[in-house]
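What follows is the content of data08.cif, which has mmCIF, C-alpha atoms:
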data_final
#
loop_
_atom_site.group_PDB
_atom_site.id
_atom_site.type_symbol
_atom_site.label_atom_id
_atom_site.label_comp_id
_atom_site.auth_asym_id
_atom_site.auth_seq_id
_atom_site.Cartn_x
_atom_site.Cartn_y
_atom_site.Cartn_z
ATOM 1 C CA MET A 1 -1.659 -23.812 14.245
ATOM 2 C CA GLY A 2 0.445 -21.995 16.851
ATOM 3 C CA LYS A 3 -0.703 -19.134 18.995
ATOM 4 C CA PHE A 4 -0.864 -15.666 17.519
ATOM 5 C CA SER A 5 2.403 -13.790 17.894
ATOM 6 C CA PHE A 6 2.772 -10.127 17.046
ATOM 7 C CA ASP A 7 6.424 -10.769 16.225
ATOM 8 C CA ASN A 8 5.364 -13.330 13.635
ATOM 9 C CA TYR A 9 2.652 -11.056 12.281
ATOM 10 C CA ARG A 10 5.180 -8.230 11.949
ATOM 11 C CA SER A 11 7.077 -10.262 9.381
ATOM 12 C CA GLN A 12 4.161 -12.208 7.882
ATOM 13 C CA TRP A 13 1.442 -9.560 7.497
ATOM 14 C CA PRO A 14 1.883 -9.284 3.694
ATOM 15 C CA ARG A 15 1.263 -13.031 3.348
ATOM 16 C CA VAL A 16 -1.712 -12.840 5.712
ATOM 17 C CA GLY A 17 -2.975 -9.949 3.606
ATOM 18 C CA ALA A 18 -2.624 -11.949 0.394
ATOM 19 C CA VAL A 19 -4.809 -14.710 1.829
ATOM 20 C CA THR A 20 -7.249 -12.089 3.117
ATOM 21 C CA ALA A 21 -7.417 -10.632 -0.389
ATOM 22 C CA LEU A 22 -8.705 -13.973 -1.669
ATOM 23 C CA ALA A 23 -11.350 -13.953 1.055
ATOM 24 C CA VAL A 24 -12.356 -10.375 0.217
ATOM 25 C CA ALA A 25 -12.727 -11.257 -3.460
ATOM 26 C CA GLY A 26 -14.780 -14.347 -2.626
ATOM 27 C CA ILE A 27 -17.068 -12.507 -0.216
ATOM 28 C CA THR A 28 -17.516 -9.735 -2.772
ATOM 29 C CA ALA A 29 -18.537 -12.267 -5.417
ATOM 30 C CA LEU A 30 -21.004 -13.985 -3.072
ATOM 31 C CA GLY A 31 -22.527 -10.724 -1.897
ATOM 32 C CA ALA A 32 -22.509 -8.955 -5.237
ATOM 33 C CA LYS A 33 -26.305 -8.678 -5.459
ATOM 34 C CA ARG A 34 -26.441 -6.857 -2.119
ATOM 35 C CA MET A 35 -23.750 -4.367 -3.032
ATOM 36 C CA SER A 36 -23.797 -1.432 -5.394
ATOM 37 C CA LYS A 37 -21.346 -1.454 -8.276
ATOM 38 C CA PRO A 38 -19.096 1.191 -6.647
ATOM 39 C CA GLN A 39 -19.114 -0.877 -3.437
ATOM 40 C CA ARG A 40 -18.021 -4.006 -5.298
ATOM 41 C CA LEU A 41 -15.238 -2.137 -7.047
ATOM 42 C CA ALA A 42 -14.110 -0.565 -3.766
ATOM 43 C CA ALA A 43 -13.968 -4.025 -2.157
ATOM 44 C CA LEU A 44 -11.911 -5.354 -5.056
ATOM 45 C CA ASN A 45 -9.624 -2.342 -4.746
ATOM 46 C CA LEU A 46 -9.031 -3.347 -1.112
ATOM 47 C CA ALA A 47 -8.050 -6.825 -2.297
ATOM 48 C CA ALA A 48 -5.810 -5.178 -4.911
ATOM 49 C CA LEU A 49 -4.095 -3.220 -2.151
ATOM 50 C CA MET A 50 -3.197 -6.459 -0.381
ATOM 51 C CA ALA A 51 -1.860 -7.934 -3.621
ATOM 52 C CA HIS A 52 0.110 -4.738 -4.156
ATOM 53 C CA GLN A 53 1.641 -5.023 -0.684
ATOM 54 C CA TYR A 54 2.573 -8.647 -1.373
ATOM 55 C CA GLU A 55 4.470 -7.532 -4.469
ATOM 56 C CA GLU A 56 6.200 -4.810 -2.458
ATOM 57 C CA TYR A 57 7.247 -6.896 0.546
ATOM 58 C CA VAL A 58 7.287 -10.584 -0.486
ATOM 59 C CA ASP A 59 7.584 -11.380 -4.178
ATOM 60 C CA PRO A 60 9.811 -9.885 -5.380
ATOM 61 C CA GLY A 61 9.492 -7.914 -2.139
ATOM 62 C CA TRP A 62 12.448 -5.564 -2.207
ATOM 63 C CA PHE A 63 10.573 -2.283 -2.003
ATOM 64 C CA PRO A 64 12.023 -1.654 1.508
ATOM 65 C CA GLY A 65 15.529 -1.681 0.047
ATOM 66 C CA GLN A 66 14.511 0.603 -2.773
ATOM 67 C CA PHE A 67 12.773 2.993 -0.399
ATOM 68 C CA ASN A 68 15.449 3.197 2.291
ATOM 69 C CA HIS A 69 18.506 3.178 0.064
ATOM 70 C CA GLY A 70 17.334 4.278 -3.361
ATOM 71 C CA LEU A 71 14.857 6.962 -2.308
ATOM 72 C CA ALA A 72 15.830 7.991 1.237
ATOM 73 C CA HIS A 73 19.578 7.470 0.623
ATOM 74 C CA SER A 74 19.945 5.939 4.068
ATOM 75 C CA ASN A 75 23.362 4.746 5.212
ATOM 76 C CA GLN A 76 21.529 2.160 7.285
ATOM 77 C CA PRO A 77 18.889 0.875 4.846
ATOM 78 C CA ARG A 78 18.116 -2.381 6.650
ATOM 79 C CA ASN A 79 16.095 -0.522 9.279
ATOM 80 C CA TYR A 80 16.114 3.238 8.625
ATOM 81 C CA PRO A 81 14.025 5.268 8.087
ATOM 82 C CA LEU A 82 11.470 2.546 7.273
ATOM 83 C CA ASN A 83 11.526 -0.579 9.425
ATOM 84 C CA GLN A 84 9.225 -3.558 9.826
ATOM 85 C CA ASP A 85 7.237 -1.852 12.581
ATOM 86 C CA SER A 86 6.523 1.340 10.660
ATOM 87 C CA ALA A 87 5.812 -0.645 7.478
ATOM 88 C CA LEU A 88 3.169 -2.599 9.392
ATOM 89 C CA VAL A 89 1.572 0.592 10.713
ATOM 90 C CA VAL A 90 1.515 2.274 7.309
ATOM 91 C CA ASN A 91 0.114 -0.656 5.396
ATOM 92 C CA VAL A 92 -2.203 -2.298 7.916
ATOM 93 C CA ALA A 93 -3.198 0.252 10.574
ATOM 94 C CA PHE A 94 -3.706 3.052 8.044
ATOM 95 C CA GLY A 95 -3.889 1.383 4.626
ATOM 96 C CA TYR A 96 -6.614 -1.155 5.328
ATOM 97 C CA PRO A 97 -9.122 1.303 6.901
ATOM 98 C CA PHE A 98 -8.446 3.817 4.112
ATOM 99 C CA TYR A 99 -9.446 1.296 1.442
ATOM 100 C CA LEU A 100 -12.199 -0.342 3.508
ATOM 101 C CA ALA A 101 -14.024 2.916 4.287
ATOM 102 C CA PRO A 102 -15.891 3.223 0.938
ATOM 103 C CA VAL A 103 -17.138 -0.346 1.280
ATOM 104 C CA ILE A 104 -18.669 0.416 4.678
ATOM 105 C CA PHE A 105 -19.784 3.970 3.875
ATOM 106 C CA PRO A 106 -20.639 3.850 0.156
ATOM 107 C CA LYS A 107 -22.735 7.033 0.164
ATOM 108 C CA THR A 108 -19.801 9.242 1.141
ATOM 109 C CA LYS A 109 -18.343 9.869 -2.287
ATOM 110 C CA TRP A 110 -14.996 11.309 -1.284
ATOM 111 C CA LEU A 111 -14.220 8.263 0.860
ATOM 112 C CA GLY A 112 -14.270 6.176 -2.303
ATOM 113 C CA LEU A 113 -12.595 8.702 -4.555
ATOM 114 C CA ALA A 114 -9.569 8.979 -2.247
ATOM 115 C CA PRO A 115 -8.323 5.355 -2.464
ATOM 116 C CA ALA A 116 -9.248 5.244 -6.150
ATOM 117 C CA MET A 117 -7.075 8.304 -6.789
ATOM 118 C CA PHE A 118 -4.309 7.039 -4.535
ATOM 119 C CA GLY A 119 -4.193 3.689 -6.300
ATOM 120 C CA ILE A 120 -3.873 5.383 -9.672
ATOM 121 C CA ALA A 121 -1.121 7.600 -8.273
ATOM 122 C CA GLN A 122 0.656 4.450 -7.075
ATOM 123 C CA ALA A 123 1.004 3.340 -10.684
ATOM 124 C CA VAL A 124 2.765 6.582 -11.570
ATOM 125 C CA ALA A 125 4.962 6.486 -8.465
ATOM 126 C CA HIS A 126 6.024 2.844 -8.810
ATOM 127 C CA GLY A 127 6.076 2.841 -12.584
ATOM 128 C CA VAL A 128 8.034 6.042 -13.168
ATOM 129 C CA VAL A 129 9.078 8.086 -10.138
ATOM 130 C CA PHE A 130 10.563 5.463 -7.808
ATOM 131 C CA PRO A 131 12.651 3.555 -10.387
ATOM 132 C CA ARG A 132 14.033 6.760 -11.850
ATOM 133 C CA ARG A 133 14.978 8.240 -8.472
ATOM 134 C CA ALA A 134 16.413 4.967 -7.169
ATOM 135 C CA GLY A 135 18.333 4.101 -10.328
ATOM 136 C CA ASP A 136 16.368 0.868 -10.787
ATOM 137 C CA LYS A 137 14.545 -0.492 -13.816
ATOM 138 C CA TYR A 138 11.576 -1.621 -11.749
ATOM 139 C CA SER A 139 9.814 -0.822 -8.496
ATOM 140 C CA PRO A 140 8.084 -3.652 -6.591
ATOM 141 C CA GLY A 141 4.403 -2.778 -6.645
ATOM 142 C CA SER A 142 4.322 -1.380 -10.167
ATOM 143 C CA PHE A 143 2.613 -4.371 -11.792
ATOM 144 C CA THR A 144 -0.255 -4.607 -9.311
ATOM 145 C CA ALA A 145 -0.699 -0.846 -9.337
ATOM 146 C CA ALA A 146 -0.899 -0.725 -13.139
ATOM 147 C CA LEU A 147 -2.908 -3.910 -13.690
ATOM 148 C CA LEU A 148 -5.255 -3.688 -10.682
ATOM 149 C CA HIS A 149 -5.389 -0.248 -9.068
ATOM 150 C CA VAL A 150 -5.643 1.711 -12.317
ATOM 151 C CA PRO A 151 -8.512 -0.209 -13.961
ATOM 152 C CA LEU A 152 -10.356 -0.623 -10.646
ATOM 153 C CA GLY A 153 -9.887 3.027 -9.737
ATOM 154 C CA LEU A 154 -11.057 4.290 -13.131
ATOM 155 C CA SER A 155 -13.991 1.863 -13.120
ATOM 156 C CA PHE A 156 -14.965 2.998 -9.620
ATOM 157 C CA ILE A 157 -14.958 6.653 -10.617
ATOM 158 C CA ARG A 158 -17.007 5.890 -13.718
ATOM 159 C CA ALA A 159 -19.497 3.774 -11.761
ATOM 160 C CA LEU A 160 -19.881 6.441 -9.077
ATOM 161 C CA ARG A 161 -20.411 9.091 -11.727
ATOM 162 C CA GLU A 162 -23.105 7.003 -13.414
ATOM 163 C CA GLN A 163 -24.835 6.108 -10.146
ATOM 164 C CA ASP A 164 -24.814 9.356 -8.174
ATOM 165 C CA GLY A 165 -23.008 11.896 -10.302
ATOM 166 C CA LEU A 166 -19.819 13.703 -9.342
ATOM 167 C CA ASP A 167 -19.038 17.404 -9.209
ATOM 168 C CA HIS A 168 -15.864 19.400 -8.722
ATOM 169 C CA SER A 169 -16.290 19.520 -4.953
ATOM 170 C CA ASP A 170 -16.359 15.703 -4.791
ATOM 171 C CA TYR A 171 -13.104 15.456 -6.693
ATOM 172 C CA LEU A 172 -11.562 18.184 -4.535
ATOM 173 C CA LYS A 173 -12.569 16.427 -1.307
ATOM 174 C CA GLY A 174 -11.231 13.141 -2.657
ATOM 175 C CA ALA A 175 -7.920 14.752 -3.610
ATOM 176 C CA LEU A 176 -7.593 16.413 -0.200
ATOM 177 C CA ALA A 177 -8.348 13.096 1.527
ATOM 178 C CA THR A 178 -5.692 11.396 -0.620
ATOM 179 C CA ILE A 179 -3.079 13.991 0.330
ATOM 180 C CA THR A 180 -4.100 13.796 3.992
ATOM 181 C CA PHE A 181 -3.690 10.023 3.947
ATOM 182 C CA ALA A 182 -0.265 10.309 2.337
ATOM 183 C CA VAL A 183 0.892 12.770 5.006
ATOM 184 C CA ILE A 184 -0.695 11.228 8.104
ATOM 185 C CA GLY A 185 -0.916 7.573 7.120
ATOM 186 C CA ILE A 186 2.391 7.149 5.286
ATOM 187 C CA ALA A 187 4.864 9.913 6.060
ATOM 188 C CA GLY A 188 3.677 10.228 9.667
ATOM 189 C CA PRO A 189 4.382 6.660 10.846
ATOM 190 C CA ILE A 190 7.695 6.577 9.004
ATOM 191 C CA LEU A 191 8.891 9.807 10.621
ATOM 192 C CA VAL A 192 7.588 8.908 14.070
ATOM 193 C CA GLY A 193 8.841 5.317 13.908
ATOM 194 C CA ARG A 194 12.315 5.943 12.498
ATOM 195 C CA ASP A 195 14.946 4.539 14.827
ATOM 196 C CA ASN A 196 18.608 3.949 14.084
ATOM 197 C CA ASN A 197 18.622 1.202 16.683
ATOM 198 C CA SER A 198 15.416 -0.535 15.655
ATOM 199 C CA PRO A 199 15.811 -4.311 15.903
ATOM 200 C CA HIS A 200 13.029 -4.764 13.366
ATOM 201 C CA ALA A 201 15.184 -4.739 10.278
ATOM 202 C CA PHE A 202 14.178 -5.973 6.852
ATOM 203 C CA THR A 203 15.561 -9.217 5.504
ATOM 204 C CA GLU A 204 18.293 -9.491 2.919
ATOM 205 C CA ALA A 205 15.666 -10.548 0.370
ATOM 206 C CA GLN A 206 13.722 -7.366 1.080
ATOM 207 C CA MET A 207 16.834 -5.356 0.260
ATOM 208 C CA GLY A 208 16.997 -6.945 -3.204
ATOM 209 C CA PRO A 209 19.507 -5.275 -5.516
ATOM 210 C CA HIS A 210 20.241 -2.807 -2.724
ATOM 211 C CA THR A 211 21.904 -5.581 -0.713
ATOM 212 C CA GLY A 212 25.606 -4.990 -0.277
ATOM 213 C CA VAL A 213 25.402 -1.199 -0.079
ATOM 214 C CA PRO A 214 27.020 0.386 2.998
ATOM 215 C CA GLY A 215 24.901 -0.354 6.073
ATOM 216 C CA SER A 216 22.808 -3.084 4.473
ATOM 217 C CA ASP A 217 24.655 -5.908 6.201
ATOM 218 C CA SER A 218 23.775 -4.829 9.702
ATOM 219 C CA PRO A 219 20.463 -3.542 11.074
ATOM 220 C CA THR A 220 22.194 -1.315 13.632
ATOM 221 C CA LYS A 221 25.193 0.940 13.766
#
Could you rewrite the structure in this file as structure tokens?
Amino acid sequence: MGKFSFDNYRSQWPRVGAVTALAVAGITALGAKRMSKPQRLAALNLAALMAHQYEEYVDPGWFPGQFNHGLAHSNQPRNYPLNQDSALVVNVAFGYPFYLAPVIFPKTKWLGLAPAMFGIAQAVAHGVVFPRRAGDKYSPGSFTAALLHVPLGLSFIRALREQDGLDHSDYLKGALATITFAVIGIAGPILVGRDNNSPHAFTEAQMGPHTGVPGSDSPTK
């Protein structure tokens, strides 16, 4: 195995995440007796996130093209406004801690409600909003969101309600945390990291059906 390279990780993090998801699921199964039911479901939701990211960026993997061209209407969709650097920050630097938090701090209810709510919202966004706005029939990430995030999120909320009970303030805090994550953890890195001259462009495969649109052949102007 070669030495760790950030350049390699920048392009391979979704695959690394997919393997990590298997490890998370295995560790969760082995440690199930030591974890509460909400903790187990939160851990599985973290693994689901990594599977979701694999669908977005690897197979079929053309969410970057859909986002930059179909949603942001960029004339330079290979690297603007989202590029490989900002995608890494959004999904790894912010996404992983957001979903890991309820596993580490299971007694803080809103920490678990936030990723559960966000995952359910992902199903709506990828299943309905993104395809309609982008003019596509499908959005990479929709299957994992619908088949993993939705049942895990609903099961987590039900398990938390049965174990500790939930009131309106818990749901409100969870919703506010979800919105805060979307603003700071997703929109923030994309806005801060946007760069017309970024060399960290997405591949042709990651453009998918949005390959061939003006600006998609070259990562820079």
- Which neighbours of Asp136 of chain A fall inside 10 Å, counting all atoms listed in the file, when residues of the same chain fewer than 2 positions from it are skipped, and could you give them as a ChimeraX atom specification? /A:66,70,130-134,138-139,209-210
- Item | Given the PyMOL selection byres ((chain A and resi 15) around 10), the residues it picks as a ChimeraX atom specification | /A:9,11-14,16-21,50-51,53-54,57-59
Those residues with C-alpha atoms, as a JSON list (two decimals), in the frame of the given file please?
[["chain", "number", "residue", "atom", "x", "y", "z"],
["A", 9, "TYR", "CA", 2.65, -11.06, 12.28],
["A", 11, "SER", "CA", 7.08, -10.26, 9.38],
["A", 12, "GLN", "CA", 4.16, -12.21, 7.88],
["A", 13, "TRP", "CA", 1.44, -9.56, 7.50],
["A", 14, "PRO", "CA", 1.88, -9.28, 3.69],
["A", 16, "VAL", "CA", -1.71, -12.84, 5.71],
["A", 17, "GLY", "CA", -2.98, -9.95, 3.61],
["A", 18, "ALA", "CA", -2.62, -11.95, 0.39],
["A", 19, "VAL", "CA", -4.81, -14.71, 1.83],
["A", 20, "THR", "CA", -7.25, -12.09, 3.12],
["A", 21, "ALA", "CA", -7.42, -10.63, -0.39],
["A", 50, "MET", "CA", -3.20, -6.46, -0.38],
["A", 51, "ALA", "CA", -1.86, -7.93, -3.62],
["A", 53, "GLN", "CA", 1.64, -5.02, -0.68],
["A", 54, "TYR", "CA", 2.57, -8.65, -1.37],
["A", 57, "TYR", "CA", 7.25, -6.90, 0.55],
["A", 58, "VAL", "CA", 7.29, -10.58, -0.49],
["A", 59, "ASP", "CA", 7.58, -11.38, -4.18]]
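Interatomic distance, atom CA of Ala101 of chain A to atom CA of Gly141 of chain A: 22.2 Å.
Computed from the coordinates, the atom CA of His149 of chain A to atom CA of Gly193 of chain A distance equals 27.6 Å.
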- Near-Ala121 of chain A list (12 Å; all atoms listed in the file; drop same-chain fewer than 2 positions) as a VMD selection string: chain A and resid 114 to 119 123 to 130 141 to 142 145 to 146 149 to 150 153 to 154 175 178 to 179 182
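The space between atom CA of Ile120 of chain A and atom CA of Gln84 of chain A spans 25.1 Å.
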- Message: Which residue is closest to Gly208 of chain A? Choose from A:Arg34, A:Ser86, A:Phe6, A:Pro140 and count all atoms listed in the file.
- Response: A:Pro140
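With all atoms listed in the file taken into account, every residue lying no more than 8 Å from the file point (-6.7, -1.6, -2.5) is included here: Ala42, Ala43, Leu44, Asn45, Leu46, Ala47, Ala48, Leu49, Met50, His52, Tyr96, Tyr99, Pro115, Gly119 and His149 of chain A.
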- With all atoms listed in the file as the basis for distance, which of A:Tyr80, A:Asp195, A:Gly112, A:Phe94 is at the shortest distance from Val183 of chain A? A:Phe94
- Task: Run the PyMOL selection byres ((chain A and resi 161-165) around 9) on the file and write out the hits as a VMD selection string.
- Result: chain A and resid 36 to 38 107 109 156 to 160 166 to 167
Could you give me the axis-aligned bounding box of segment 44-48 of chain A, with 8 Å of padding per side, as centre plus edge lengths in Å to one decimal, as AutoDock Vina command-line options?
--center_x -8.9 --center_y -4.6 --center_z -3.1 --size_x 22.1 --size_y 20.5 --size_z 19.9
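Using all atoms listed in the file, the shortest contact distance between Leu113 of chain A and any of A:Ala177, A:Leu100, A:Ala87, A:Ala29 is found at A:Ala177.
Among the candidates A:Gly26, A:Asn83, A:Arg194, A:Gln39, the one nearest to Ser155 of chain A when counting only C-alpha atoms is A:Gln39.
Residue nearest Met35 of chain A, chosen from A:Ser169, A:Leu176, A:Ile104, A:Ile186 and counting all atoms listed in the file: A:Ile104.
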- Message: At a cut-off of 6 Å, using all atoms listed in the file, what residues contact segment 200-207 of chain A? Leave out same-chain residues fewer than 2 positions from it and give the result as a PyMOL selection string.
- Response: chain A and resi 61-62+64-65+78-79+83-84+198+210-211+219
